[in-house]
Amino acid sequence: MKNHEYGNEWKSDATSHWQECACGHVANKQSHEGGHASCTERAECSVCGVSYGELKNHEYGNEWKSDATSHWQECACGHVANKQSHEGGHASCTERAECSVCGQPYGEAKGHSYSEAWLSNDDLHWHECDCGATKDKGVHTWDDGIVITPATESSVGVRKYTCTGCAKTRTEDIPRLEHVHQYSEWAHNSSSHWQQCRCGLIVNKEHHEGGQANCTERAVCEVCEQPYGEPLGHDYGDVWKHDATSHWQECKCGDIVNKQEHSGGEATCTEKAVCDVCGQLYGEFVAHVYDREAAEECYLKASATCTSKAIYYKSCVCGEKGEETFESGEPAAHHNASGKLISVGESGHVHTCDDCGATIEQTLTAHEYGEWTEVRPATESEKGLRKRECQGCDYSETEEFDLPASGKDPEGDPGQSELSGCFAILPGSAWLCVGMISLVPLFIRKKQKR
């Protein structure tokens with residue numbers, strides 16, 4: 001049998017390499033070996049030349065690279081790790097902050113922060129930063145100063161000056177004054193006034209004068225305006241002042257004494273009481289007493305009539321009219337008797353009193369009848385009936401009548417004949433014709449009264 005022929009070519013996979021015969025037989029199979037891997041390339045097998053294994057880790061070392069804002073670590077291959085912004089450190093007014101990781105300056109310096117307050121010495125003033133830098137340095141500008149303590153003849157004064165820029169102050173002494181008499185306002189006691197210099201010299205000493213005292217206050221001096229002397233005392237006089245309830249005596253200054261309520265006197269229904277002290281009217285009127293009976297025209301309530309006496313209002317002694325009444329006098333005679341007529345029967349009619357309705361006998365007069373009027377006509381079988389009425393009152397009378405004979409006037413006198421002859425009046429109001437052969441119809445009259 002012929003030996004396998006492997007040739008010089010190596011076959012491989014991820015972990016091994018081998019030689020292979022055309023028949024497929026494998027020989028010399030081994031793991032890759034040799035070579036050196038880097039962070040960017042795997043190791044190259046020293047037998048077959050194939051890259052195998054893993055890349056080597058990047059090596060950054062301890063050195064930091066940086067720019068203006070960040071820092072990082074960098075492998076020799078150029079790979080960057082741990083990139084971060086600068087941090088930590090403290091900037092000052094002249095230097096930037098130093099990163100606490102990479103040590104590089106970053107950011108901006110804070111700049112000077114000058115105090116708002118002025119710093120100063122006797123000659124200059126300025127603003128100063130914490131770092132010691134200064135600005136606005138200048139010479140003090142002093143104002144005209146103000147007097148703190150005035151100078152006197154015995155002691156120096158003090159004037160204070162202030163810088164108009166920084167408000168620093170300084171003081172200077174004011175020389176003592178030379179003595180010049182200066183007099184105070186008026187000094188005084190109970191009787192006099194004067195002016196006095198501070199050195200003790202007194203001038204213009206005089207007694208108080210002028211002004212006018214009153215009852216409560218002393219006079220006021222016209223020179224020094226101080227009260228002096230004594231008040232005059234109150235003068236109440238003899239005149240009483242008063243109001244509705246009280247009286248008092250009063251000084252012209254307004255002071256009041258002896259104030260009391262009004263008293264005494266006696267009120268009536270027309271006049272108030274008069275105070276026994278001040279003579280003024282006070283209080284209320286007393287009530288009217290209506291017990292006076294005066295039959296006078298001013299109190300007349302109703303005049304007398306034929307049925308009643310006159311009625312009057314009772315009055316008070318002051319003349320005031322009350323509500324209660326009384327009667328006085330006698331009833332009046334009948335009057336107003338010219339009105340309605342009242343029948344008193346056959347005898348006639350009378351007038352009545354318009355006030356009381358009583359009949360007045362003195363006015364009796366006979367009835368005044370009108371014409372007869374027929375109520376019922378007469379027939380051969382029944383008498384007729386006629387009526388007449390008084391023209392003044394409501395009295396009327398009726399009578400019956402027979403059917404008249406021919407030639408008779410039924411409205412004429414009953415029983416009167418046109419025949420001549422002698423007539424006689426028979427009892428019963430019958431008329432009889434004497435001398436006649438035949439008896440004429442007899443006319444009987446019968447009165448009916450109402």
# chains A, B, ... in the order shown; residues from 1 in each chain; ligands from 1
>>> select_by_dssp(residues="region 104-251 of chain A", states="strand (DSSP E)", output="NGL selection string")
:A and (105-106 or 119-120 or 124-128 or 134-139 or 146-149 or 157-162 or 169-174 or 187-188 or 192-196 or 202-207 or 219-220 or 227-228 or 241-242 or 246-250)
>>> residues_around(residues="Thr171 (chain A)", least_positions_apart="3", cutoff="6 Å", atoms="only C-alpha atoms", output="compact mmCIF listing (two decimals) with C-alpha atoms, in the first residue's frame")
# COMPACT_ATOMS: atom_id res chain seq x y z
CA ARG A 159 -16.18 119.49 64.46
CA LYS A 160 -16.59 116.23 62.52
CA TYR A 161 -15.65 115.92 58.84
>>> closest_atom_pairs(of="region 280-342 of chain A", to="region 222-246 of chain A", cutoff="8 Å", atoms="only C-alpha atoms", output="tab-separated table")
residue	atom	partner	partner_atom	distance
A:Gln280	CA	A:His242	CA	7.8
A:Tyr282	CA	A:Ala244	CA	6.0
A:Gly283	CA	A:Thr245	CA	7.3
>>> atom_distance(atom1="CA of Asp122 (chain A)", atom2="CA of His140 (chain A)")
8.2 Å
>>> atom_distance(atom1="CA of Cys45 (chain A)", atom2="CA of Asn8 (chain A)")
15.3 Å
>>> residues_around(residues="Trp194 (chain A)", least_positions_apart="6", cutoff="10 Å", atoms="only C-alpha atoms", output="compact mmCIF listing (two decimals) with N, CA and C atoms, in the first residue's frame")
# COMPACT_ATOMS: atom_id res chain seq x y z
N TYR A 183 -27.71 137.53 76.78
CA TYR A 183 -28.72 137.49 77.83
C TYR A 183 -29.81 136.47 77.48
N SER A 184 -30.23 135.77 78.49
CA SER A 184 -31.28 134.75 78.33
C SER A 184 -32.63 135.41 78.11
N GLU A 185 -33.64 134.61 77.87
CA GLU A 185 -35.01 135.12 77.91
C GLU A 185 -35.30 135.56 79.33
N TRP A 186 -36.48 136.10 79.52
CA TRP A 186 -36.78 136.72 80.81
C TRP A 186 -36.84 135.65 81.92
N ALA A 187 -36.09 135.95 83.00
CA ALA A 187 -36.24 135.18 84.24
C ALA A 187 -37.19 135.95 85.15
N HIS A 188 -37.76 135.28 86.14
CA HIS A 188 -38.77 135.98 86.93
C HIS A 188 -38.93 135.31 88.29
N ILE A 202 -26.88 140.67 85.56
CA ILE A 202 -28.33 140.85 85.48
C ILE A 202 -28.63 142.26 84.98
N VAL A 203 -29.58 142.38 84.03
CA VAL A 203 -30.01 143.68 83.50
C VAL A 203 -31.53 143.69 83.40
N ASN A 204 -32.11 144.88 83.22
CA ASN A 204 -33.54 145.09 82.96
C ASN A 204 -34.44 144.48 84.03
N LYS A 205 -34.05 144.57 85.28
CA LYS A 205 -34.90 144.03 86.35
C LYS A 205 -35.99 145.04 86.68
N GLU A 206 -37.27 144.61 86.63
CA GLU A 206 -38.43 145.48 86.87
C GLU A 206 -39.55 144.66 87.49
N HIS A 207 -40.53 145.38 88.09
CA HIS A 207 -41.72 144.70 88.60
C HIS A 207 -42.63 144.30 87.43
N HIS A 208 -43.35 143.21 87.63
CA HIS A 208 -44.34 142.81 86.62
C HIS A 208 -45.34 143.92 86.41
N VAL A 223 -44.58 142.07 79.79
CA VAL A 223 -43.17 142.02 79.40
C VAL A 223 -42.68 140.58 79.33
N CYS A 224 -42.80 139.86 80.46
CA CYS A 224 -42.24 138.49 80.52
C CYS A 224 -43.29 137.40 80.34
>>> residues_around(residues="region 22-25 of chain A", least_positions_apart="2", cutoff="12 Å", atoms="only C-alpha atoms", output="list in words")
Lys2, Asn3, His4, Glu5, Tyr6, Gly7, Glu9, Lys11, Trp18, Gln19, Glu20, Ala27, Asn28 and Lys29 of chain A
>>> write_last_selection(atoms="N, CA and C atoms", output="mmCIF file, in the first residue's frame")
data_model
loop_
_atom_site.group_PDB
_atom_site.id
_atom_site.type_symbol
_atom_site.label_atom_id
_atom_site.label_comp_id
_atom_site.auth_asym_id
_atom_site.auth_seq_id
_atom_site.Cartn_x
_atom_site.Cartn_y
_atom_site.Cartn_z
ATOM 1 N N LYS A 2 0.429 2.219 -0.697
ATOM 2 C CA LYS A 2 1.182 3.459 -0.841
ATOM 3 C C LYS A 2 0.992 4.310 0.377
ATOM 4 N N ASN A 3 2.050 4.990 0.820
ATOM 5 C CA ASN A 3 1.941 5.902 1.980
ATOM 6 C C ASN A 3 1.063 7.120 1.645
ATOM 7 N N HIS A 4 0.407 7.648 2.759
ATOM 8 C CA HIS A 4 -0.374 8.879 2.569
ATOM 9 C C HIS A 4 0.519 10.040 2.215
ATOM 10 N N GLU A 5 -0.029 10.854 1.431
ATOM 11 C CA GLU A 5 0.719 12.040 1.049
ATOM 12 C C GLU A 5 -0.053 13.258 1.588
ATOM 13 N N TYR A 6 0.653 13.964 2.512
ATOM 14 C CA TYR A 6 -0.011 15.094 3.166
ATOM 15 C C TYR A 6 0.412 16.427 2.575
ATOM 16 N N GLY A 7 1.465 16.493 1.992
ATOM 17 C CA GLY A 7 1.953 17.746 1.427
ATOM 18 C C GLY A 7 2.363 18.709 2.531
ATOM 19 N N GLU A 9 0.660 21.737 3.097
ATOM 20 C CA GLU A 9 -0.488 22.621 3.428
ATOM 21 C C GLU A 9 -1.160 22.126 4.683
ATOM 22 N N LYS A 11 -4.420 22.384 7.233
ATOM 23 C CA LYS A 11 -5.811 22.774 7.368
ATOM 24 C C LYS A 11 -6.056 23.122 8.839
ATOM 25 N N TRP A 18 -4.036 20.772 11.168
ATOM 26 C CA TRP A 18 -3.664 19.394 10.828
ATOM 27 C C TRP A 18 -3.269 19.310 9.344
ATOM 28 N N GLN A 19 -2.739 18.121 8.991
ATOM 29 C CA GLN A 19 -2.432 17.825 7.596
ATOM 30 C C GLN A 19 -3.380 16.724 7.150
ATOM 31 N N GLU A 20 -3.750 16.824 5.950
ATOM 32 C CA GLU A 20 -4.800 15.906 5.482
ATOM 33 C C GLU A 20 -4.397 15.358 4.103
ATOM 34 N N ALA A 27 -3.492 13.822 9.814
ATOM 35 C CA ALA A 27 -2.295 13.527 10.601
ATOM 36 C C ALA A 27 -1.789 14.835 11.206
ATOM 37 N N ASN A 28 -1.009 14.687 12.270
ATOM 38 C CA ASN A 28 -0.372 15.843 12.935
ATOM 39 C C ASN A 28 -1.396 16.887 13.422
ATOM 40 N N LYS A 29 -2.496 16.469 13.906
ATOM 41 C CA LYS A 29 -3.486 17.433 14.406
ATOM 42 C C LYS A 29 -3.073 17.912 15.787
#
>>> atom_distance(atom1="CA of Glu400 (chain A)", atom2="CA of Ser343 (chain A)")
22.7 Å
>>> residues_around(residues="region 37-41 of chain A", least_positions_apart="5", cutoff="10 Å", atoms="only C-alpha atoms", output="JSON, numbers by chain")
{"A": [51, 52, 53, 54, 55, 56, 57, 58, 59, 75, 76, 77, 79]}
>>> residues_around(residues="Arg96 (chain A)", least_positions_apart="6", cutoff="10 Å", atoms="only C-alpha atoms", output="list in words")
Gly89, His90, Gln104, Pro105, Tyr106, Gly107, Glu108, Ala109, Lys110 and Gly111 of chain A
>>> write_last_selection(atoms="N, CA and C atoms", output="CSV table (one decimal), in the first residue's frame")
chain,number,residue,atom,x,y,z
A,89,GLY,N,-11.5,70.5,42.6
A,89,GLY,CA,-10.7,71.6,42.6
A,89,GLY,C,-11.4,72.9,42.9
A,90,HIS,N,-10.7,74.0,43.1
A,90,HIS,CA,-11.4,75.3,43.4
A,90,HIS,C,-10.7,76.4,42.7
A,104,GLN,N,-5.4,68.6,35.7
A,104,GLN,CA,-5.3,69.6,34.7
A,104,GLN,C,-6.2,70.8,35.1
A,105,PRO,N,-5.7,72.1,34.8
A,105,PRO,CA,-6.6,73.2,35.1
A,105,PRO,C,-7.8,73.2,34.1
A,106,TYR,N,-8.9,73.7,34.5
A,106,TYR,CA,-10.1,73.7,33.7
A,106,TYR,C,-11.0,74.9,34.1
A,107,GLY,N,-11.9,75.2,33.3
A,107,GLY,CA,-12.9,76.3,33.6
A,107,GLY,C,-12.2,77.6,33.5
A,108,GLU,N,-12.8,78.6,34.2
A,108,GLU,CA,-12.3,80.0,34.2
A,108,GLU,C,-12.0,80.4,35.6
A,109,ALA,N,-11.0,81.3,35.8
A,109,ALA,CA,-10.8,81.9,37.1
A,109,ALA,C,-12.0,82.7,37.5
A,110,LYS,N,-12.2,82.8,38.8
A,110,LYS,CA,-13.4,83.5,39.4
A,110,LYS,C,-13.4,85.0,39.1
A,111,GLY,N,-12.3,85.6,39.0
A,111,GLY,CA,-12.1,87.0,38.9
A,111,GLY,C,-12.2,87.6,40.3
>>> residues_around(residues="Ser115 (chain A)", least_positions_apart="3", cutoff="9 Å", atoms="only C-alpha atoms", output="PyMOL selection string")
chain A and resi 118-119+127-130
>>> write_last_selection(atoms="all heavy atoms", output="mmCIF file, in the first residue's frame")
data_model
loop_
_atom_site.group_PDB
_atom_site.id
_atom_site.type_symbol
_atom_site.label_atom_id
_atom_site.label_comp_id
_atom_site.auth_asym_id
_atom_site.auth_seq_id
_atom_site.Cartn_x
_atom_site.Cartn_y
_atom_site.Cartn_z
ATOM 1 N N TRP A 118 -15.824 100.252 51.895
ATOM 2 C CA TRP A 118 -14.539 100.894 51.628
ATOM 3 C C TRP A 118 -13.537 100.546 52.735
ATOM 4 O O TRP A 118 -13.881 100.511 53.914
ATOM 5 C CB TRP A 118 -14.702 102.418 51.593
ATOM 6 C CG TRP A 118 -15.429 102.936 50.380
ATOM 7 C CD1 TRP A 118 -16.750 103.170 50.263
ATOM 8 C CD2 TRP A 118 -14.831 103.296 49.131
ATOM 9 N NE1 TRP A 118 -17.060 103.660 49.016
ATOM 10 C CE2 TRP A 118 -15.877 103.743 48.285
ATOM 11 C CE3 TRP A 118 -13.534 103.274 48.619
ATOM 12 C CZ2 TRP A 118 -15.666 104.176 46.982
ATOM 13 C CZ3 TRP A 118 -13.314 103.719 47.316
ATOM 14 C CH2 TRP A 118 -14.364 104.154 46.517
ATOM 15 N N LEU A 119 -12.322 100.264 52.313
ATOM 16 C CA LEU A 119 -11.210 100.213 53.255
ATOM 17 C C LEU A 119 -10.467 101.536 53.158
ATOM 18 O O LEU A 119 -10.482 102.197 52.099
ATOM 19 C CB LEU A 119 -10.278 99.048 52.926
ATOM 20 C CG LEU A 119 -10.919 97.643 53.007
ATOM 21 C CD1 LEU A 119 -9.878 96.573 52.642
ATOM 22 C CD2 LEU A 119 -11.476 97.378 54.387
ATOM 23 N N HIS A 127 -11.418 99.757 47.455
ATOM 24 C CA HIS A 127 -12.100 98.468 47.575
ATOM 25 C C HIS A 127 -11.065 97.375 47.422
ATOM 26 O O HIS A 127 -10.127 97.495 46.612
ATOM 27 C CB HIS A 127 -13.187 98.316 46.507
ATOM 28 C CG HIS A 127 -14.346 99.235 46.698
ATOM 29 N ND1 HIS A 127 -15.235 99.136 47.736
ATOM 30 C CD2 HIS A 127 -14.760 100.317 45.959
ATOM 31 C CE1 HIS A 127 -16.145 100.069 47.643
ATOM 32 N NE2 HIS A 127 -15.875 100.819 46.567
ATOM 33 N N GLU A 128 -11.191 96.265 48.135
ATOM 34 C CA GLU A 128 -10.157 95.242 48.151
ATOM 35 C C GLU A 128 -10.759 93.857 47.965
ATOM 36 O O GLU A 128 -11.792 93.525 48.536
ATOM 37 C CB GLU A 128 -9.378 95.303 49.473
ATOM 38 C CG GLU A 128 -8.172 94.383 49.508
ATOM 39 C CD GLU A 128 -7.334 94.646 50.756
ATOM 40 O OE1 GLU A 128 -6.963 95.831 50.989
ATOM 41 O OE2 GLU A 128 -7.080 93.676 51.506
ATOM 42 N N CYS A 129 -10.063 93.014 47.120
ATOM 43 C CA CYS A 129 -10.453 91.618 46.921
ATOM 44 C C CYS A 129 -9.806 90.767 48.010
ATOM 45 O O CYS A 129 -8.812 91.170 48.638
ATOM 46 C CB CYS A 129 -9.977 91.161 45.537
ATOM 47 S SG CYS A 129 -10.397 89.418 45.180
ATOM 48 N N ASP A 130 -10.348 89.535 48.208
ATOM 49 C CA ASP A 130 -9.779 88.633 49.219
ATOM 50 C C ASP A 130 -8.321 88.262 48.906
ATOM 51 O O ASP A 130 -7.544 87.934 49.818
ATOM 52 C CB ASP A 130 -10.604 87.345 49.315
ATOM 53 C CG ASP A 130 -11.985 87.596 49.913
ATOM 54 O OD1 ASP A 130 -12.138 88.632 50.600
ATOM 55 O OD2 ASP A 130 -12.889 86.770 49.695
#
>>> closest_residue(among="A:Ala366, A:Ala14, A:Val147, A:Cys197", to="Asp173 (chain A)", atoms="only C-alpha atoms")
A:Val147
>>> decode(residues="region 196-223 of chain A", atoms="N, CA and C atoms", output="PDB file, in the first residue's frame")
ATOM      1  N   GLN A 196     -30.500 137.815  82.261  1.00  0.00           N
ATOM      2  CA  GLN A 196     -29.226 137.484  82.904  1.00  0.00           C
ATOM      3  C   GLN A 196     -28.292 136.824  81.902  1.00  0.00           C
ATOM      4  N   CYS A 197     -27.016 137.308  81.895  1.00  0.00           N
ATOM      5  CA  CYS A 197     -25.987 136.690  81.058  1.00  0.00           C
ATOM      6  C   CYS A 197     -25.496 135.431  81.759  1.00  0.00           C
ATOM      7  N   ARG A 198     -24.925 134.518  80.957  1.00  0.00           N
ATOM      8  CA  ARG A 198     -24.422 133.290  81.561  1.00  0.00           C
ATOM      9  C   ARG A 198     -23.263 133.533  82.519  1.00  0.00           C
ATOM     10  N   CYS A 199     -22.677 134.724  82.392  1.00  0.00           N
ATOM     11  CA  CYS A 199     -21.610 135.061  83.326  1.00  0.00           C
ATOM     12  C   CYS A 199     -22.147 135.553  84.654  1.00  0.00           C
ATOM     13  N   GLY A 200     -23.481 135.725  84.739  1.00  0.00           N
ATOM     14  CA  GLY A 200     -24.118 136.136  85.981  1.00  0.00           C
ATOM     15  C   GLY A 200     -24.582 137.570  86.004  1.00  0.00           C
ATOM     16  N   LEU A 201     -24.248 138.391  84.980  1.00  0.00           N
ATOM     17  CA  LEU A 201     -24.664 139.789  84.946  1.00  0.00           C
ATOM     18  C   LEU A 201     -26.167 139.892  84.725  1.00  0.00           C
ATOM     19  N   ILE A 202     -26.878 140.666  85.565  1.00  0.00           N
ATOM     20  CA  ILE A 202     -28.333 140.850  85.482  1.00  0.00           C
ATOM     21  C   ILE A 202     -28.630 142.260  84.980  1.00  0.00           C
ATOM     22  N   VAL A 203     -29.575 142.380  84.026  1.00  0.00           N
ATOM     23  CA  VAL A 203     -30.012 143.683  83.502  1.00  0.00           C
ATOM     24  C   VAL A 203     -31.529 143.686  83.401  1.00  0.00           C
ATOM     25  N   ASN A 204     -32.108 144.881  83.218  1.00  0.00           N
ATOM     26  CA  ASN A 204     -33.543 145.086  82.956  1.00  0.00           C
ATOM     27  C   ASN A 204     -34.440 144.478  84.032  1.00  0.00           C
ATOM     28  N   LYS A 205     -34.052 144.569  85.280  1.00  0.00           N
ATOM     29  CA  LYS A 205     -34.896 144.032  86.347  1.00  0.00           C
ATOM     30  C   LYS A 205     -35.989 145.043  86.683  1.00  0.00           C
ATOM     31  N   GLU A 206     -37.273 144.614  86.632  1.00  0.00           N
ATOM     32  CA  GLU A 206     -38.428 145.482  86.872  1.00  0.00           C
ATOM     33  C   GLU A 206     -39.548 144.658  87.492  1.00  0.00           C
ATOM     34  N   HIS A 207     -40.526 145.378  88.089  1.00  0.00           N
ATOM     35  CA  HIS A 207     -41.725 144.700  88.598  1.00  0.00           C
ATOM     36  C   HIS A 207     -42.626 144.300  87.434  1.00  0.00           C
ATOM     37  N   HIS A 208     -43.352 143.210  87.631  1.00  0.00           N
ATOM     38  CA  HIS A 208     -44.337 142.812  86.619  1.00  0.00           C
ATOM     39  C   HIS A 208     -45.345 143.920  86.411  1.00  0.00           C
ATOM     40  N   GLU A 209     -45.864 144.016  85.198  1.00  0.00           N
ATOM     41  CA  GLU A 209     -46.838 145.071  84.908  1.00  0.00           C
ATOM     42  C   GLU A 209     -47.771 144.624  83.791  1.00  0.00           C
ATOM     43  N   GLY A 210     -48.961 145.339  83.732  1.00  0.00           N
ATOM     44  CA  GLY A 210     -49.921 145.083  82.662  1.00  0.00           C
ATOM     45  C   GLY A 210     -50.702 143.799  82.871  1.00  0.00           C
ATOM     46  N   GLY A 211     -51.512 143.479  81.902  1.00  0.00           N
ATOM     47  CA  GLY A 211     -52.370 142.300  81.994  1.00  0.00           C
ATOM     48  C   GLY A 211     -53.595 142.570  82.836  1.00  0.00           C
ATOM     49  N   GLN A 212     -54.559 141.690  82.788  1.00  0.00           N
ATOM     50  CA  GLN A 212     -55.808 141.857  83.515  1.00  0.00           C
ATOM     51  C   GLN A 212     -56.170 140.533  84.205  1.00  0.00           C
ATOM     52  N   ALA A 213     -56.254 140.573  85.525  1.00  0.00           N
ATOM     53  CA  ALA A 213     -56.691 139.382  86.254  1.00  0.00           C
ATOM     54  C   ALA A 213     -58.186 139.184  86.080  1.00  0.00           C
ATOM     55  N   ASN A 214     -58.663 137.933  86.170  1.00  0.00           N
ATOM     56  CA  ASN A 214     -60.098 137.661  86.200  1.00  0.00           C
ATOM     57  C   ASN A 214     -60.407 136.825  87.431  1.00  0.00           C
ATOM     58  N   CYS A 215     -61.621 136.298  87.487  1.00  0.00           N
ATOM     59  CA  CYS A 215     -62.058 135.639  88.709  1.00  0.00           C
ATOM     60  C   CYS A 215     -61.288 134.355  89.008  1.00  0.00           C
ATOM     61  N   THR A 216     -60.682 133.746  87.996  1.00  0.00           N
ATOM     62  CA  THR A 216     -59.981 132.480  88.228  1.00  0.00           C
ATOM     63  C   THR A 216     -58.511 132.527  87.894  1.00  0.00           C
ATOM     64  N   GLU A 217     -58.066 133.525  87.161  1.00  0.00           N
ATOM     65  CA  GLU A 217     -56.682 133.563  86.714  1.00  0.00           C
ATOM     66  C   GLU A 217     -56.025 134.883  87.099  1.00  0.00           C
ATOM     67  N   ARG A 218     -54.718 134.798  87.377  1.00  0.00           N
ATOM     68  CA  ARG A 218     -53.956 136.002  87.701  1.00  0.00           C
ATOM     69  C   ARG A 218     -53.676 136.811  86.436  1.00  0.00           C
ATOM     70  N   ALA A 219     -53.279 138.077  86.611  1.00  0.00           N
ATOM     71  CA  ALA A 219     -52.870 138.904  85.488  1.00  0.00           C
ATOM     72  C   ALA A 219     -51.588 138.338  84.895  1.00  0.00           C
ATOM     73  N   VAL A 220     -51.386 138.521  83.581  1.00  0.00           N
ATOM     74  CA  VAL A 220     -50.182 138.065  82.895  1.00  0.00           C
ATOM     75  C   VAL A 220     -49.350 139.288  82.539  1.00  0.00           C
ATOM     76  N   CYS A 221     -48.073 139.289  82.992  1.00  0.00           N
ATOM     77  CA  CYS A 221     -47.183 140.429  82.743  1.00  0.00           C
ATOM     78  C   CYS A 221     -47.004 140.632  81.240  1.00  0.00           C
ATOM     79  N   GLU A 222     -47.118 141.911  80.806  1.00  0.00           N
ATOM     80  CA  GLU A 222     -46.994 142.210  79.389  1.00  0.00           C
ATOM     81  C   GLU A 222     -45.559 142.103  78.897  1.00  0.00           C
ATOM     82  N   VAL A 223     -44.578 142.072  79.795  1.00  0.00           N
ATOM     83  CA  VAL A 223     -43.169 142.024  79.399  1.00  0.00           C
ATOM     84  C   VAL A 223     -42.679 140.582  79.329  1.00  0.00           C
TER      85      VAL A 223
END
